[in-house]
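Participant: Contents of entry-v7.txt (compact mmCIF, C-alpha atoms) are below:
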```
# COMPACT_ATOMS: atom_id res chain seq x y z
CA MET S 1 -9.10 -4.22 -18.19
CA SER S 2 -8.92 -7.85 -17.02
CA THR S 3 -10.50 -9.00 -13.78
CA THR S 4 -9.54 -11.73 -11.34
CA THR S 5 -12.10 -13.19 -8.96
CA ALA S 6 -11.38 -14.23 -5.39
CA GLU S 7 -11.89 -17.86 -6.37
CA GLU S 8 -9.34 -17.58 -9.19
CA LEU S 9 -6.88 -15.84 -6.86
CA ALA S 10 -7.30 -18.59 -4.29
CA GLY S 11 -6.61 -21.16 -7.01
CA LEU S 12 -3.40 -19.41 -7.91
CA SER S 13 -2.28 -19.65 -4.28
CA ALA S 14 -1.75 -23.40 -4.62
CA THR S 15 1.66 -23.97 -6.14
CA THR S 16 3.15 -26.98 -7.89
CA LEU S 17 6.67 -25.68 -7.28
CA LEU S 18 8.76 -26.76 -4.28
CA ARG S 19 11.99 -25.01 -3.39
CA PHE S 20 14.18 -27.13 -1.14
CA ALA S 21 17.75 -27.16 0.11
CA THR S 22 20.04 -29.97 1.23
CA ALA S 23 22.45 -29.58 4.13
CA GLY S 24 24.68 -31.80 6.21
CA SER S 25 28.22 -32.29 7.40
CA VAL S 26 31.15 -33.21 5.18
CA ASP S 27 30.85 -36.64 3.54
CA ASP S 28 27.30 -37.18 4.74
CA GLY S 29 26.32 -37.80 1.10
CA LYS S 30 24.36 -34.70 0.09
CA SER S 31 25.58 -34.63 -3.50
CA THR S 32 25.09 -38.39 -3.82
CA LEU S 33 21.51 -38.02 -2.58
CA VAL S 34 20.82 -35.24 -5.07
CA GLY S 35 22.41 -37.26 -7.87
CA ARG S 36 20.33 -40.28 -6.90
CA LEU S 37 17.15 -38.17 -6.90
CA LEU S 38 17.94 -36.82 -10.36
CA HIS S 39 19.00 -40.19 -11.74
CA ASP S 40 16.20 -42.36 -10.37
CA SER S 41 13.50 -39.80 -11.20
CA LYS S 42 14.70 -39.82 -14.83
CA SER S 43 15.73 -36.15 -14.63
CA VAL S 44 19.23 -36.58 -16.08
CA LEU S 45 19.95 -36.05 -19.75
CA ALA S 46 21.78 -38.84 -21.58
CA ASP S 47 24.86 -36.71 -22.28
CA GLN S 48 25.06 -35.64 -18.62
CA LEU S 49 24.96 -39.25 -17.46
CA GLU S 50 27.55 -40.23 -20.06
CA ALA S 51 29.88 -37.49 -18.84
CA VAL S 52 29.48 -38.66 -15.23
CA GLU S 53 30.15 -42.27 -16.23
CA HIS S 54 33.28 -41.21 -18.12
CA ALA S 55 34.56 -39.13 -15.19
CA SER S 56 33.85 -41.99 -12.79
CA ARG S 57 35.75 -44.50 -14.93
CA SER S 58 38.71 -42.15 -15.20
CA ARG S 59 38.85 -42.09 -11.39
CA GLY S 60 38.78 -45.89 -11.20
CA ALA S 61 35.18 -46.23 -9.97
CA ALA S 62 33.24 -49.30 -11.03
CA GLU S 63 29.87 -47.54 -10.76
CA PRO S 64 28.88 -43.97 -11.81
CA ASP S 65 29.55 -41.46 -9.05
CA LEU S 66 26.20 -39.66 -8.99
CA ALA S 67 27.63 -36.89 -6.79
CA LEU S 68 29.35 -35.56 -9.92
CA LEU S 69 25.95 -34.50 -11.25
CA THR S 70 26.00 -31.57 -8.81
CA ASP S 71 29.65 -31.03 -7.89
CA GLY S 72 30.54 -28.91 -10.90
CA LEU S 73 33.58 -26.98 -9.68
CA ARG S 74 36.95 -28.51 -10.45
CA ALA S 75 38.00 -28.26 -6.78
CA GLU S 76 34.78 -30.01 -5.77
CA ARG S 77 35.43 -32.96 -8.07
CA GLU S 78 39.07 -33.22 -7.02
CA GLN S 79 38.32 -33.13 -3.28
CA GLY S 80 34.97 -34.91 -3.39
CA ILE S 81 33.25 -32.11 -1.47
CA THR S 82 30.71 -29.38 -2.18
CA ILE S 83 32.04 -25.81 -1.96
CA ASP S 84 29.46 -23.60 -3.66
CA VAL S 85 25.67 -23.80 -3.72
CA ALA S 86 24.61 -25.93 -6.69
CA TYR S 87 21.13 -25.22 -8.02
CA ARG S 88 19.28 -27.89 -9.96
CA TYR S 89 15.89 -27.81 -11.62
CA PHE S 90 13.89 -30.97 -12.21
CA ALA S 91 10.31 -32.15 -12.36
CA THR S 92 8.16 -35.20 -11.87
CA PRO S 93 4.57 -35.63 -13.08
CA ARG S 94 3.39 -34.44 -9.66
CA ARG S 95 5.56 -31.38 -8.97
CA ARG S 96 8.35 -29.09 -10.15
CA PHE S 97 11.46 -28.59 -8.01
CA ILE S 98 14.21 -26.04 -7.48
CA LEU S 99 16.96 -27.66 -5.44
CA ALA S 100 19.88 -25.97 -3.69
CA ASP S 101 22.69 -28.39 -2.80
CA THR S 102 24.65 -26.57 -0.07
CA PRO S 103 28.15 -27.29 1.32
CA GLY S 104 28.87 -29.24 4.48
CA HIS S 105 32.14 -27.68 5.64
CA VAL S 106 31.82 -25.38 8.66
CA GLN S 107 33.52 -22.56 6.76
CA TYR S 108 30.84 -22.78 4.07
CA THR S 109 27.85 -22.61 6.43
CA ARG S 110 27.22 -19.15 4.98
CA ASN S 111 26.31 -20.86 1.70
CA MET S 112 23.63 -22.86 3.51
CA VAL S 113 22.09 -19.53 4.54
CA THR S 114 21.99 -18.56 0.87
CA GLY S 115 20.47 -21.83 -0.26
CA ALA S 116 17.85 -22.08 2.50
CA SER S 117 16.77 -18.43 2.54
CA THR S 118 14.03 -19.06 -0.05
CA ALA S 119 13.43 -22.75 0.66
CA ASP S 120 10.07 -24.26 1.57
CA LEU S 121 11.82 -27.39 2.85
CA ALA S 122 15.28 -28.34 4.07
CA VAL S 123 16.75 -31.84 3.87
CA VAL S 124 19.33 -32.26 6.65
CA LEU S 125 21.53 -35.32 6.15
CA VAL S 126 23.14 -37.24 8.99
CA ASP S 127 25.67 -40.05 8.67
CA ALA S 128 24.11 -43.00 10.50
CA ARG S 129 27.56 -43.92 11.87
CA ASN S 130 28.17 -40.49 13.42
CA GLY S 131 24.70 -39.37 14.51
CA VAL S 132 23.83 -35.76 15.35
CA ILE S 133 26.99 -33.63 15.49
CA GLU S 134 27.63 -29.90 15.95
CA GLN S 135 27.30 -29.13 12.24
CA THR S 136 23.94 -30.95 12.22
CA ARG S 137 22.77 -28.71 15.05
CA ARG S 138 24.08 -25.66 13.21
CA HIS S 139 22.11 -26.55 10.09
CA ALA S 140 18.98 -27.15 12.15
CA ALA S 141 19.47 -23.75 13.81
CA VAL S 142 19.87 -22.01 10.45
CA ALA S 143 16.74 -23.71 9.11
CA ALA S 144 14.80 -22.60 12.19
CA LEU S 145 16.11 -19.03 12.00
CA LEU S 146 15.18 -18.81 8.34
CA ARG S 147 11.68 -20.06 9.18
CA VAL S 148 11.89 -23.01 6.77
CA PRO S 149 8.46 -24.59 7.36
CA HIS S 150 9.41 -28.23 6.67
CA VAL S 151 12.57 -30.12 7.67
CA VAL S 152 13.43 -33.66 6.55
CA LEU S 153 16.02 -35.58 8.55
CA ALA S 154 17.63 -38.03 6.10
CA VAL S 155 19.63 -40.58 8.06
CA ASN S 156 22.04 -41.66 5.35
CA LYS S 157 24.42 -44.61 4.94
CA MET S 158 22.06 -47.01 6.67
CA ASP S 159 23.74 -49.78 4.66
CA LEU S 160 26.90 -49.19 6.71
CA VAL S 161 25.12 -49.86 10.00
CA GLY S 162 23.33 -52.98 8.85
CA TYR S 163 20.03 -51.17 8.28
CA GLU S 164 19.45 -51.28 12.06
CA GLU S 165 16.16 -49.71 13.15
CA THR S 166 17.53 -48.80 16.60
CA VAL S 167 20.31 -46.69 15.08
CA PHE S 168 17.79 -44.73 13.04
CA ALA S 169 15.36 -44.36 15.96
CA THR S 170 18.05 -43.00 18.30
CA ILE S 171 19.24 -40.39 15.79
CA ALA S 172 15.69 -39.38 14.84
CA GLU S 173 14.69 -38.93 18.47
CA GLU S 174 17.72 -36.76 19.30
CA PHE S 175 17.37 -34.55 16.23
CA THR S 176 13.59 -34.16 16.58
CA ALA S 177 13.94 -33.05 20.21
CA TYR S 178 16.62 -30.51 19.30
CA ALA S 179 14.81 -29.11 16.25
CA SER S 180 11.52 -28.92 18.14
CA ASP S 181 13.21 -26.81 20.82
CA LEU S 182 14.31 -24.49 18.02
CA GLY S 183 10.69 -24.10 16.90
CA VAL S 184 10.83 -26.09 13.64
CA PRO S 185 7.13 -26.72 12.94
CA GLU S 186 7.40 -30.04 11.05
CA ILE S 187 10.11 -32.69 11.11
CA THR S 188 10.06 -35.89 9.04
CA ALA S 189 12.75 -38.54 9.57
CA ILE S 190 13.58 -40.97 6.73
CA PRO S 191 16.25 -43.73 6.79
CA ILE S 192 18.10 -43.89 3.47
CA SER S 193 21.14 -45.08 1.60
CA ALA S 194 21.83 -42.55 -1.13
CA LEU S 195 24.56 -44.73 -2.63
CA ALA S 196 22.38 -47.83 -2.88
CA GLY S 197 19.14 -45.95 -3.52
CA ASP S 198 17.26 -47.18 -0.44
CA ASN S 199 14.19 -45.01 0.28
CA VAL S 200 15.33 -42.23 -2.02
CA VAL S 201 12.96 -42.77 -4.93
CA GLU S 202 11.99 -46.41 -4.43
CA PRO S 203 11.08 -48.06 -1.09
CA SER S 204 13.85 -50.12 0.45
CA ALA S 205 13.57 -53.89 0.70
CA ASN S 206 16.29 -53.76 3.36
CA MET S 207 14.24 -51.71 5.83
CA ASP S 208 10.83 -53.33 5.99
CA TRP S 209 10.47 -51.95 9.53
CA TYR S 210 10.05 -48.45 8.00
CA GLY S 211 6.57 -47.67 6.74
CA GLY S 212 6.90 -43.98 5.88
CA PRO S 213 7.42 -42.20 2.54
CA THR S 214 10.55 -42.20 0.42
CA VAL S 215 12.39 -38.90 0.04
CA LEU S 216 10.87 -38.21 -3.37
CA GLU S 217 7.39 -39.21 -2.27
CA HIS S 218 7.59 -36.78 0.63
CA LEU S 219 8.91 -34.01 -1.62
CA GLU S 220 6.03 -34.61 -4.03
CA THR S 221 3.32 -34.59 -1.38
CA VAL S 222 4.43 -32.15 1.32
CA PRO S 223 1.88 -29.30 1.44
CA VAL S 224 3.33 -26.09 0.06
CA SER S 225 0.89 -23.26 -0.33
CA HIS S 226 0.96 -19.50 0.00
CA ASP S 227 -2.23 -17.63 0.81
CA LEU S 228 -1.70 -14.64 -1.46
CA THR S 229 -4.75 -12.82 -0.14
CA SER S 230 -3.70 -12.64 3.52
CA CYS S 231 -0.03 -11.64 3.32
CA HIS S 232 1.16 -8.14 4.21
CA ALA S 233 1.26 -6.51 0.75
CA ARG S 234 4.63 -4.92 0.02
CA LEU S 235 6.15 -3.46 -3.16
CA PRO S 236 9.78 -2.25 -2.94
CA VAL S 237 10.25 0.37 -5.66
CA GLN S 238 13.10 -0.60 -7.96
CA TYR S 239 12.76 1.97 -10.73
CA VAL S 240 10.69 5.04 -11.60
CA ILE S 241 9.49 4.92 -15.22
CA ARG S 242 9.02 8.27 -16.98
CA PRO S 243 9.16 7.88 -20.79
CA GLN S 244 8.30 11.56 -21.50
CA THR S 245 7.44 10.68 -25.08
CA ALA S 246 4.73 12.04 -27.34
CA GLU S 247 2.74 8.87 -26.77
CA HIS S 248 3.18 8.96 -22.96
CA PRO S 249 3.92 12.59 -22.03
CA ASP S 250 2.72 12.35 -18.41
CA TYR S 251 3.35 8.68 -17.61
CA ARG S 252 4.93 8.13 -14.19
CA GLY S 253 5.08 4.53 -12.99
CA TYR S 254 6.75 2.87 -10.03
CA ALA S 255 8.20 -0.49 -11.02
CA GLY S 256 9.25 -3.39 -8.84
CA GLN S 257 8.62 -7.00 -7.87
CA ILE S 258 5.81 -7.50 -5.36
CA ALA S 259 7.50 -8.97 -2.29
CA ALA S 260 4.29 -10.18 -0.65
CA GLY S 261 0.53 -9.96 -0.83
CA THR S 262 -1.73 -8.38 -3.46
CA PHE S 263 -2.42 -4.89 -4.80
CA ARG S 264 -5.67 -3.73 -6.43
CA VAL S 265 -6.67 -0.70 -8.46
CA GLY S 266 -8.44 1.85 -6.27
CA GLU S 267 -6.65 0.70 -3.10
CA SER S 268 -5.30 3.37 -0.72
CA VAL S 269 -1.53 3.01 -0.32
CA THR S 270 1.19 4.62 1.75
CA VAL S 271 4.75 5.23 0.57
CA LEU S 272 7.41 4.61 3.21
CA PRO S 273 9.47 6.02 4.79
CA SER S 274 7.92 9.38 3.81
CA GLY S 275 4.41 8.37 4.89
CA ARG S 276 2.71 10.05 1.91
CA THR S 277 -0.57 8.48 0.79
CA SER S 278 -2.39 8.05 -2.51
CA LYS S 279 -4.57 5.56 -4.39
CA ILE S 280 -3.61 3.07 -7.07
CA ALA S 281 -4.85 4.48 -10.38
CA GLY S 282 -3.60 1.57 -12.49
CA ILE S 283 -1.40 -1.52 -12.56
CA ASP S 284 0.64 -2.44 -15.64
CA LEU S 285 1.75 -6.07 -16.00
CA LEU S 286 3.69 -7.26 -19.05
CA GLY S 287 2.45 -4.31 -21.07
CA LYS S 288 -1.21 -4.80 -20.15
CA ALA S 289 -3.44 -3.06 -17.62
CA VAL S 290 -4.81 -5.31 -14.86
CA ASP S 291 -6.90 -4.61 -11.82
CA VAL S 292 -5.04 -6.88 -9.39
CA ALA S 293 -1.46 -8.17 -9.02
CA TRP S 294 0.24 -10.45 -6.50
CA THR S 295 3.60 -11.79 -5.43
CA PRO S 296 6.01 -12.53 -7.10
CA GLN S 297 4.84 -10.58 -10.16
CA SER S 298 6.90 -7.66 -11.43
CA VAL S 299 4.56 -4.73 -12.06
CA THR S 300 4.35 -0.98 -12.49
CA LEU S 301 2.01 0.94 -10.20
CA LEU S 302 0.37 4.18 -11.30
CA LEU S 303 -0.84 6.48 -8.50
CA GLU S 304 -3.55 9.14 -8.54
CA ASP S 305 -1.27 11.75 -6.93
CA ASP S 306 2.07 13.05 -8.15
CA ILE S 307 4.25 12.44 -5.09
CA ASP S 308 7.99 12.09 -4.65
CA ILE S 309 8.91 8.40 -4.86
CA SER S 310 12.32 6.94 -5.65
CA ARG S 311 14.20 3.63 -5.64
CA GLY S 312 14.21 2.08 -2.19
CA ASP S 313 10.79 3.36 -1.14
CA LEU S 314 8.21 0.81 -0.04
CA VAL S 315 4.58 0.91 -1.23
CA VAL S 316 2.16 -0.68 1.26
CA PRO S 317 -1.61 -0.67 1.89
CA SER S 318 -2.50 2.29 4.10
CA HIS S 319 -4.41 0.04 6.50
CA ASP S 320 -1.47 -2.36 6.87
CA ALA S 321 1.63 -0.18 7.01
CA PRO S 322 4.59 -1.36 9.12
CA ALA S 323 6.18 1.04 11.59
CA THR S 324 9.36 2.80 10.49
CA SER S 325 12.36 3.00 12.77
CA GLN S 326 16.07 3.74 12.81
CA ASP S 327 16.67 1.06 15.44
CA VAL S 328 16.84 -2.49 14.13
CA GLU S 329 16.92 -5.50 16.46
CA ALA S 330 17.59 -8.78 14.72
CA THR S 331 19.26 -12.16 14.67
CA VAL S 332 22.12 -12.41 12.19
CA CYS S 333 24.16 -15.20 10.64
CA HIS S 334 27.67 -13.85 10.21
CA VAL S 335 29.02 -14.95 6.83
CA ALA S 336 32.25 -12.96 6.35
CA ASP S 337 35.80 -13.94 7.24
CA THR S 338 36.29 -10.63 9.07
CA PRO S 339 34.49 -10.17 12.41
CA LEU S 340 31.46 -7.97 13.03
CA ALA S 341 32.18 -5.76 16.04
CA VAL S 342 30.33 -3.28 18.23
CA GLY S 343 30.74 0.25 16.85
CA GLN S 344 31.43 -0.95 13.32
CA ARG S 345 30.08 1.12 10.42
CA VAL S 346 28.15 -0.89 7.90
CA LEU S 347 25.63 -0.56 5.10
CA LEU S 348 22.22 -2.12 5.66
CA LYS S 349 20.44 -3.35 2.53
CA HIS S 350 16.71 -3.97 2.92
CA THR S 351 14.85 -4.92 -0.29
CA THR S 352 15.89 -2.18 -2.77
CA ARG S 353 17.01 0.33 -0.12
CA THR S 354 20.58 0.68 1.20
CA VAL S 355 21.39 2.99 4.13
CA LYS S 356 24.34 3.71 6.39
CA ALA S 357 24.27 2.10 9.82
CA ILE S 358 26.30 1.50 12.97
CA VAL S 359 26.38 -1.72 15.01
CA LYS S 360 25.34 -0.40 18.43
CA GLU S 361 25.32 -3.61 20.39
CA ILE S 362 25.79 -7.36 20.14
CA PRO S 363 23.76 -8.58 23.12
CA SER S 364 24.42 -12.27 22.68
CA ARG S 365 25.86 -15.11 20.62
CA LEU S 366 24.05 -18.43 20.31
CA THR S 367 25.74 -21.54 21.68
CA LEU S 368 24.58 -24.38 19.47
CA ASP S 369 25.27 -27.22 21.91
CA ASP S 370 22.55 -26.26 24.39
CA LEU S 371 20.88 -23.26 22.64
CA SER S 372 22.05 -20.95 25.43
CA GLN S 373 22.99 -17.33 24.80
CA HIS S 374 26.56 -16.17 25.46
CA PRO S 375 26.08 -12.56 26.62
CA GLU S 376 27.97 -9.56 25.25
CA PRO S 377 30.51 -11.37 23.03
CA GLY S 378 31.74 -8.06 21.62
CA GLN S 379 31.96 -9.44 18.11
CA LEU S 380 30.72 -12.18 15.83
CA VAL S 381 33.05 -14.25 13.65
CA ALA S 382 32.40 -16.39 10.60
CA ASN S 383 29.41 -18.74 10.99
CA ASP S 384 28.37 -17.25 14.35
CA ILE S 385 24.67 -16.69 15.00
CA GLY S 386 23.85 -13.82 17.32
CA ARG S 387 21.59 -10.92 18.25
CA VAL S 388 22.49 -7.39 17.12
CA ARG S 389 21.15 -3.88 17.54
CA VAL S 390 21.81 -1.57 14.62
CA ARG S 391 21.13 2.17 14.28
CA THR S 392 20.45 3.34 10.73
CA ALA S 393 20.93 6.80 9.23
CA GLU S 394 17.42 6.78 7.74
CA PRO S 395 14.16 5.16 8.87
CA LEU S 396 13.40 1.69 7.54
CA ALA S 397 10.11 -0.20 7.28
CA LEU S 398 10.97 -3.76 8.30
CA ASP S 399 8.41 -6.41 9.02
CA ASN S 400 9.16 -9.13 11.54
CA TYR S 401 10.88 -11.99 9.73
CA ALA S 402 8.34 -14.38 11.25
CA ASP S 403 5.61 -12.48 9.34
CA SER S 404 7.46 -11.94 6.05
CA ARG S 405 10.68 -13.61 4.98
CA ARG S 406 11.13 -11.12 2.12
CA THR S 407 10.58 -7.80 3.93
CA GLY S 408 11.82 -8.98 7.33
CA SER S 409 15.30 -9.83 6.06
CA PHE S 410 18.32 -7.66 5.32
CA LEU S 411 22.06 -7.73 4.66
CA LEU S 412 24.87 -5.99 6.51
CA ILE S 413 27.58 -4.92 4.05
CA ASP S 414 31.14 -3.65 4.46
CA PRO S 415 31.05 -0.10 3.01
CA SER S 416 34.75 -0.23 2.07
CA ASP S 417 34.59 -3.11 -0.40
CA GLY S 418 30.96 -4.26 -0.67
CA THR S 419 31.55 -7.59 1.09
CA THR S 420 28.45 -9.12 2.67
CA LEU S 421 29.07 -9.37 6.41
CA ALA S 422 25.86 -10.86 7.78
CA ALA S 423 22.36 -11.95 6.84
CA GLY S 424 19.78 -10.57 9.25
CA MET S 425 16.27 -11.56 10.33
CA ALA S 426 14.36 -8.75 12.03
CA GLY S 427 12.37 -9.37 15.18
CA GLU S 428 12.54 -12.20 17.67
CA SER S 429 14.57 -15.36 17.15
CA PHE S 430 13.83 -18.85 18.42
CA ALA S 431 15.85 -18.20 21.59
CA GLN S 432 15.06 -14.61 22.55
CA THR S 433 17.04 -13.19 25.45
CA ALA S 434 16.05 -10.49 27.90
CA GLN S 435 16.36 -6.97 26.53
CA PRO S 436 19.25 -4.95 27.99
CA ALA S 437 18.93 -1.21 28.37
CA GLN S 438 18.98 0.81 25.16
CA ALA S 439 22.45 2.13 24.35
CA GLU S 440 22.98 5.84 23.84
CA ALA S 441 23.37 7.13 20.30
CA ALA S 442 27.02 7.14 19.30
CA THR S 443 28.72 10.14 17.77
CA ASP S 444 31.22 9.94 14.99
CA ASP S 445 33.56 12.44 13.40
CA GLU S 446 33.07 11.26 9.81
CA GLY S 447 29.40 11.97 9.25
CA TRP S 448 28.02 8.73 10.69
CA ASP S 449 26.46 10.18 13.89
CA PHE S 450 22.82 9.16 13.87
```
Represent the structure of the file as structure tokens.
Facilitator:
Amino acid sequence: MSTTTAEELAGLSATTLLRFATAGSVDDGKSTLVGRLLHDSKSVLADQLEAVEHASRSRGAAEPDLALLTDGLRAEREQGITIDVAYRYFATPRRRFILADTPGHVQYTRNMVTGASTADLAVVLVDARNGVIEQTRRHAAVAALLRVPHVVLAVNKMDLVGYEETVFATIAEEFTAYASDLGVPEITAIPISALAGDNVVEPSANMDWYGGPTVLEHLETVPVSHDLTSCHARLPVQYVIRPQTAEHPDYRGYAGQIAAGTFRVGESVTVLPSGRTSKIAGIDLLGKAVDVAWTPQSVTLLLEDDIDISRGDLVVPSHDAPATSQDVEATVCHVADTPLAVGQRVLLKHTTRTVKAIVKEIPSRLTLDDLSQHPEPGQLVANDIGRVRVRTAEPLALDNYADSRRTGSFLLIDPSDGTTLAAGMAGESFAQTAQPAQAEAATDDEGWDF
């Protein structure tokens, strides 16, 4: 059996991978910035660049339109906008990157939620001519809600405002004040021209008044680390493995991807929501037995006791078990075209577990202009951000989203067609309102009274 020391585990905590997302309003230049990053960092294959040059010439452009490197849908190329999330993978000698280029249209804000949900950093673009607008505030709010630890404000199209320092300073001050009120822990403002390449990969000769990093330099050096030894350890069970073969007649393993933290052989664990306890007898990883495993490894746990465990159960350390409850209070980003209303029946998907639920209350909806809460809106519509109280048919073990982005998040799903209605973050938001009185449990004549 292999062993891993604490020093080795600490070394594995430091990552060379940065996940980041871009966001901004329509025509702010997100795709051009991404294309410039890929092009100037030598991350574009020759045939890709040739295809972009050919497409640009066919549209009458004198220079290659680098936005075409990410806008892959036909409708995106025709309209010159981003519709779907475009993922790109590239690397420099200093770091590897997974980039999510998200849309700018208000109706596609839901896609920004998708792209930023796993991001370590968000790049929010602002057109220097327009400054901070409502969609900018919405993207900042989403980044804050999703607990993205680093936000870069890229003030783009500085070439169109004469590279004026005062324009940049005014926008940076307004955005920083707003994002700080939201609770964003770190904000870095960079003046750029994605089209001309100023301060994207190379420093700009047109803005000698700016002494900070370029976009790529900041992406390469921003600290991104995960202390694997101190996280709340969580393993959502995805599959129960029972070969029942002559070679493994009594094998019973519980397979899944570790959502957070570490697990060790001999550790006492509790299975939720049942509350049954046991000890880890073994950990199988890629066909080999190990004595320790950590996020995001996919493993199979073997327990000393033969207890009833199935898909959707959550294995946690006995000394660090979250409370289970049928009442969920959370902030949600509504992503469906149909509204989410009080009394609506939904499915709640948390990690590998899906349960029936009823929306008991919508206490408030966030007003993005001044971060005030509009009380008792009755429903949430597409792109709304609001507080909800949901009652589930079975107990769930949710962490606070502030403590764990993986096990503190969930989806609300339409049970009739499987459409995702809202993305939820359990616990307090950045603008918590006073708690109204708890609503009485609703009754229902179709088996949903819980």
Participant: Need the shell around Arg129 in chain S: protein/DNA/RNA residues with any atom at most 10 Å away, counting only C-alpha atoms. Skip same-chain ones fewer than 4 positions apart. Format as a list of chain:residue names?
Facilitator: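 Answer for this query is S:Asp28, S:Val155, S:Asn156, S:Lys157, S:Met158, S:Leu160, S:Val161, S:Val167, S:Phe168, S:Ile171.
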Participant: I'd like the interatomic distance between CA of Arg406 in chain S and CA of Gly427 in chain S, to a tenth of an Å.
Facilitator: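 About the pair CA of Arg406 in chain S and CA of Gly427 in chain S: they are 13.2 Å apart.
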Participant: Restricting the calculation to all atoms listed in the file: of S:Gly266, S:Cys333, S:Ala246, S:Gly115, which residue gets closest to Ala141 in chain S?
Facilitator: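 Going through S:Gly266, S:Cys333, S:Ala246, S:Gly115 one by one, the smallest distance to Ala141 in chain S is for S:Cys333.
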Participant: Which is closer to Pro213 in chain S than all the others in S:Ala336, S:Val316, S:Leu146, S:Val201, using only C-alpha atoms?
Facilitator: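 Distance minimum relative to Pro213 in chain S lands on S:Val201.
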Participant: Record the distance separating CA of Ile413 in chain S and CA of Thr114 in chain S, expressed in Å with one decimal.
Facilitator: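 Interatomic distance, CA of Ile413 in chain S to CA of Thr114 in chain S: 15.1 Å.
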Participant: Calculate how many Å separate CA of Gly282 in chain S from CA of Leu303 in chain S, rounding to one decimal.
Facilitator: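 A separation of 6.9 Å between them.
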